[in-house]
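Peer 1: What follows is a structure written as structure tokens; I'll ask about it next.
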Amino acid sequence: MKQTPFGRFIFIGGLLAAAGLFIFIWMIRIINSPDAVTFREIGSKYESYTKTVYPERGNIYDRWGHLLAGNIETYEIGADLRYVSDPQTIAATLSSIIGSNYNDIYALVSEKWDSDLPRYVKLADFVDPDKIDQLAAVEKQLNDQRDKASSRRRKEEVMPNLDGMLWTPMLKRSYPENTLGANILGFFAYREREKGRGYFGVEEKYNQLLAGSPVDVQVALDPYKINQIPDIPPGASLVLTIDRDIQAMTERILEEHVKSSGAKSGTVIIMDPETGEILAMAVSDRLNPNEYWDYGKVFPGIAAYNRAVGTTYEPGSVFKVLTMGSAIDAKAVTPTTPFLDTGVIMVGGVPIRNWDRGAWGPQDMLGCMQHSLNVCLAWVATELGPSKFYNYLNNFGIGHLTGIDLAGEVSQPVLIPGDSGWYEVNLGTNSFGQGVAATPVQMITAIGAVANHGKIMAPHVLKSVIENGEQYNNPPQVIGKRISRETADTVTEMLAQSLEKESSNALVEGYRVAGKTGTAEIPGPGGYLASATNASFVGWGPADDPRLRTSSR
């Protein structure tokens, strides 16, 4: 990746690097606190031990610098049993302020400890700062009362106190936008402490970059002693290609339409076909990563965390864009090639019919696409021939991982002649997206080549990395040229005319849009389901230069 100036993010990175030492000087006392561990075996001559310390995890921003994932300061509360004299007050105070179980706390802090060695027990972690303020106020009040009564109380009398209790700062992962872009971000399991790691999405894919490099340090056994901690640079921060406002709009519209249509789920991807940058990727059913422990409730069974990359489906008629593009590129047909639709075609001895079971009579290739005729596209595939047809699908990336930088991407191989389970009829059904499976990100990447004048771009969500105050950009990558520019522009024109002639709801006033609808049957036990379909649409605009003009917020 090429290093380029990027003032805003270099500034942010500099602040992160400068703040790193301060944060970790205070974090280390809790990260390395010997959780309910005695040091009887160590001996009093040892005052410290070696511990691996993990840096502050890097932040994640959208393309304009809006924070999508960061860290907030919380606290661990513990007690050094050497100094505890009033376990009842400690248990009652924590029960009242932070909701701890009185009996559990009392059992921990009432343990007898007669050694001069530290005996630290953890009482609570990830406690919000406002609760710590309340504890500090109670502690001050009790200390003031004890000081006032010191002259008149009996020597053996124990005044209510919080002696032995202490709190130390610690960081936890925070997602200020809650569910926004959660399927892209994934989550960091911060409750696993130093063993925590990123799961799904960006948090898993770039876990090593975000986590930074751990170091070994000497940590004092006594929790009251201040440790001298060397500089520990934070992990790298990431700037994504995602636009927060476009992502929010996409999620809102998706949720509205899933609800109004009665659909089970929905997925939307918005990509710049010229660069492969993902501007938005929305799915219904999103986990709030601030409450990642609810993962099993939101995604029961084997449900994918992000269906845009983790679930394959039969695309249906949107697949016809690839079939027609391949045939025109191979010069098997032209837009004006005539075809007589009788309502049925035999491929491999099996009849293939149109979606409406009708016969549409004389057509050209534009009419075939406009009316989405299965019979015509099956004929087109036979004219192209199986060898060329499947070679084009392979070049478009169907059946292969796109390599998008999100964890959890899956793919399903395409059956080709010679494979067990492939029959001649597959050529006909595959032509209109049946009997072949792809993920949404595979489809938008493949069809993006048509929108991008024949060039297919690597889809990605990482725009740049900020590390040690420097920014490193992630440049667009061309996977290859799959069809000629002339073919891509011809198919684009056909799809634009198709939408215009059918007065599609996809038309946008003031812009010329190209696109294709698709309705696919869903395979189930014993055949295709009669009561469910996958409805989809792929489109781009302006048709001749598909770009979304964005600007900084």
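How things are named: the first chain in the structure tokens is A, the next is B, and so on; residues count from 1 in each chain; ligands count from 1 in the order shown.
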Do a neighbour search on Gly524 (chain A) at 12 Å with only C-alpha atoms, toss out local chain neighbours closer than 5 positions, and write the hits as a count of residues only.

Peer 2: 7

Peer 1: Neighbouring residues of Ile60 (chain A) were defined as those with any atom within 7 Å, considering only C-alpha atoms; residues of the same chain fewer than 3 positions away were excluded. Please report them as a PyMOL selection string.

Peer 2: chain A and resi 67-70+237-239

Peer 1: Give me, as a Markdown table, the closest atom pair and its distance (Å, one decimal) for every residue of region 154-210 of chain A within a cut-off of 10 Å of region 247-251 of chain A, counting only C-alpha atoms, rows sorted by chain and rising number.

Peer 2:
| residue | atom | partner | partner_atom | distance |
| --- | --- | --- | --- | --- |
| A:Glu177 | CA | A:Ala248 | CA | 9.7 |
| A:Thr179 | CA | A:Ala248 | CA | 9.7 |
| A:Leu180 | CA | A:Ala248 | CA | 6.5 |
| A:Gly181 | CA | A:Gln247 | CA | 6.8 |

Peer 1: Using the chain letters and numbers from this document, which residues of region 140-247 of chain A does DSSP assign to strand (DSSP E), as a short mmCIF file (atom, residue, chain, number, x, y, z; two decimals) with N, CA and C atoms, in the first residue's frame?

Peer 2:
data_model
loop_
_atom_site.label_atom_id
_atom_site.label_comp_id
_atom_site.auth_asym_id
_atom_site.auth_seq_id
_atom_site.Cartn_x
_atom_site.Cartn_y
_atom_site.Cartn_z
N MET A 165 -10.58 -1.91 49.38
CA MET A 165 -11.21 -1.91 48.06
C MET A 165 -10.52 -0.89 47.16
N LEU A 166 -10.30 -1.25 45.91
CA LEU A 166 -9.67 -0.33 44.97
C LEU A 166 -10.25 -0.56 43.58
N TRP A 167 -10.11 0.43 42.74
CA TRP A 167 -10.58 0.32 41.37
C TRP A 167 -9.51 0.84 40.43
N THR A 168 -9.39 0.19 39.32
CA THR A 168 -8.36 0.55 38.34
C THR A 168 -8.98 0.62 36.95
N PRO A 169 -8.52 1.55 36.13
CA PRO A 169 -9.11 1.72 34.80
C PRO A 169 -8.84 0.51 33.89
N MET A 170 -9.77 0.26 33.00
CA MET A 170 -9.61 -0.75 31.96
C MET A 170 -10.45 -0.31 30.77
N LEU A 171 -10.10 -0.79 29.59
CA LEU A 171 -10.83 -0.41 28.38
C LEU A 171 -11.78 -1.52 27.95
N LYS A 172 -12.88 -1.12 27.37
CA LYS A 172 -13.76 -2.10 26.73
C LYS A 172 -14.11 -1.58 25.34
N ARG A 173 -14.39 -2.50 24.43
CA ARG A 173 -14.72 -2.14 23.06
C ARG A 173 -16.10 -1.50 23.03
N SER A 174 -16.21 -0.43 22.24
CA SER A 174 -17.47 0.30 22.17
C SER A 174 -17.83 0.57 20.71
N PHE A 187 -17.46 -8.08 15.80
CA PHE A 187 -17.37 -7.58 17.17
C PHE A 187 -16.09 -8.11 17.82
N PHE A 188 -15.67 -7.41 18.89
CA PHE A 188 -14.51 -7.81 19.67
C PHE A 188 -15.01 -8.30 21.01
N GLY A 198 -11.23 -10.54 17.72
CA GLY A 198 -12.33 -10.12 16.88
C GLY A 198 -13.03 -11.31 16.25
N TYR A 199 -14.34 -11.19 16.12
CA TYR A 199 -15.15 -12.21 15.48
C TYR A 199 -15.95 -11.57 14.34
N VAL A 215 3.64 -6.84 24.49
CA VAL A 215 4.99 -6.81 25.05
C VAL A 215 4.96 -7.46 26.42
N ASP A 216 6.10 -7.96 26.86
CA ASP A 216 6.25 -8.52 28.20
C ASP A 216 6.79 -7.44 29.13
N VAL A 217 6.14 -7.28 30.29
CA VAL A 217 6.56 -6.27 31.26
C VAL A 217 6.62 -6.90 32.65
N GLN A 218 7.34 -6.23 33.53
CA GLN A 218 7.39 -6.64 34.93
C GLN A 218 6.29 -5.91 35.69
N VAL A 219 5.47 -6.67 36.39
CA VAL A 219 4.32 -6.10 37.09
C VAL A 219 4.47 -6.33 38.58
N ALA A 220 4.26 -5.30 39.38
CA ALA A 220 4.35 -5.42 40.83
C ALA A 220 3.24 -6.31 41.36
N SER A 237 -5.34 1.72 13.46
CA SER A 237 -6.74 2.10 13.23
C SER A 237 -7.06 1.94 11.75
N LEU A 238 -8.31 1.65 11.46
CA LEU A 238 -8.75 1.39 10.10
C LEU A 238 -9.76 2.43 9.64
N VAL A 239 -9.62 2.87 8.42
CA VAL A 239 -10.62 3.74 7.78
C VAL A 239 -11.29 2.89 6.70
N LEU A 240 -12.60 2.75 6.79
CA LEU A 240 -13.33 1.90 5.86
C LEU A 240 -13.86 2.70 4.67
#

Peer 1: Among region 114-316 of chain A, which residues carry a DSSP assignment of helix (DSSP H, G or I), reported as a ChimeraX atom specification?

Peer 2: /A:129-149,182-185,190-195,201-205,207-211,244-261,289-298,307-310,316

Peer 1: Counting only C-alpha atoms, which of A:Ile302, A:Ile278, A:Asn473, A:Asn430 gets nearest to Leu548 (chain A)?

Peer 2: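 That would be A:Ile278, the residue with the smallest distance to Leu548 (chain A).
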
Peer 1: Name the closest residue to Gly518 (chain A) among the candidates A:Lys388, A:Lys320, A:His453, A:Lys331; distances are taken between atoms, counting only C-alpha atoms.

Peer 2: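 With only C-alpha atoms as the atom set, the closest residue is A:Lys320.
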
Peer 1: Counting only C-alpha atoms, what is within 8 Å of Gly186 (chain A), bar same-chain residues fewer than 2 positions away, as a ChimeraX atom specification?

Peer 2: /A:182-184,188,198-204,289

Peer 1: Let me make sure I understand: among A:Ile398, A:Met457, A:Leu210, A:Val491, which one has the smallest atom-to-atom distance to Pro475 (chain A) if we use only C-alpha atoms?

Peer 2: A:Met457

Peer 1: Would you pick out the contacts of Asn101 (chain A) at 9 Å or less, using only C-alpha atoms, so that residues sharing its chain but fewer than 6 positions from it are not included, and give the list as an mmCIF file with N, CA and C atoms, in the first residue's frame?

Peer 2:
data_model
loop_
_atom_site.group_PDB
_atom_site.id
_atom_site.type_symbol
_atom_site.label_atom_id
_atom_site.label_comp_id
_atom_site.auth_asym_id
_atom_site.auth_seq_id
_atom_site.Cartn_x
_atom_site.Cartn_y
_atom_site.Cartn_z
ATOM 1 N N ALA A 91 -19.561 -5.264 50.760
ATOM 2 C CA ALA A 91 -20.592 -6.038 50.061
ATOM 3 C C ALA A 91 -21.877 -5.235 49.901
ATOM 4 N N ALA A 92 -22.269 -4.532 50.943
ATOM 5 C CA ALA A 92 -23.512 -3.754 50.882
ATOM 6 C C ALA A 92 -23.386 -2.593 49.895
ATOM 7 N N LEU A 94 -21.337 -2.311 47.205
ATOM 8 C CA LEU A 94 -21.319 -2.779 45.822
ATOM 9 C C LEU A 94 -22.680 -3.307 45.399
ATOM 10 N N SER A 95 -23.393 -3.909 46.311
ATOM 11 C CA SER A 95 -24.743 -4.379 46.001
ATOM 12 C C SER A 95 -25.663 -3.210 45.689
#

Peer 1: As JSON, numbers by chain, please: the residues near Thr337 (chain A) (cut-off 9 Å, only C-alpha atoms, same-chain neighbours under 6 positions excluded).

Peer 2: {"A": [363, 364, 365, 366]}

Peer 1: Between CA of Asp329 (chain A) and CA of Ile483 (chain A), what is the distance in Å, rounded to a tenth?

Peer 2: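 That distance, rounded to one decimal, is 6.1 Å.
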
Peer 1: Which is closer to Gln497 (chain A) than all the others in A:Ala124, A:Val375, A:Ala543, A:Ala535, using only C-alpha atoms?

Peer 2: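 Closest to Gln497 (chain A) of all the choices is A:Ala543.
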
Peer 1: Counting only C-alpha atoms, which of A:Arg547, A:Thr275, A:Gly348, A:Gly358 gets nearest to Ile479 (chain A)?

Peer 2: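 The closest residue to Ile479 (chain A) is A:Thr275.
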
Peer 1: Measuring between only C-alpha atoms, which one of A:Gly399, A:Gly266, A:Val414, A:Pro273 shows the shortest distance to Pro542 (chain A)?

Peer 2: A:Pro273

Peer 1: Separation of CA of Ala458 (chain A) and CA of Gly212 (chain A), in Å?

Peer 2: 26.3 Å
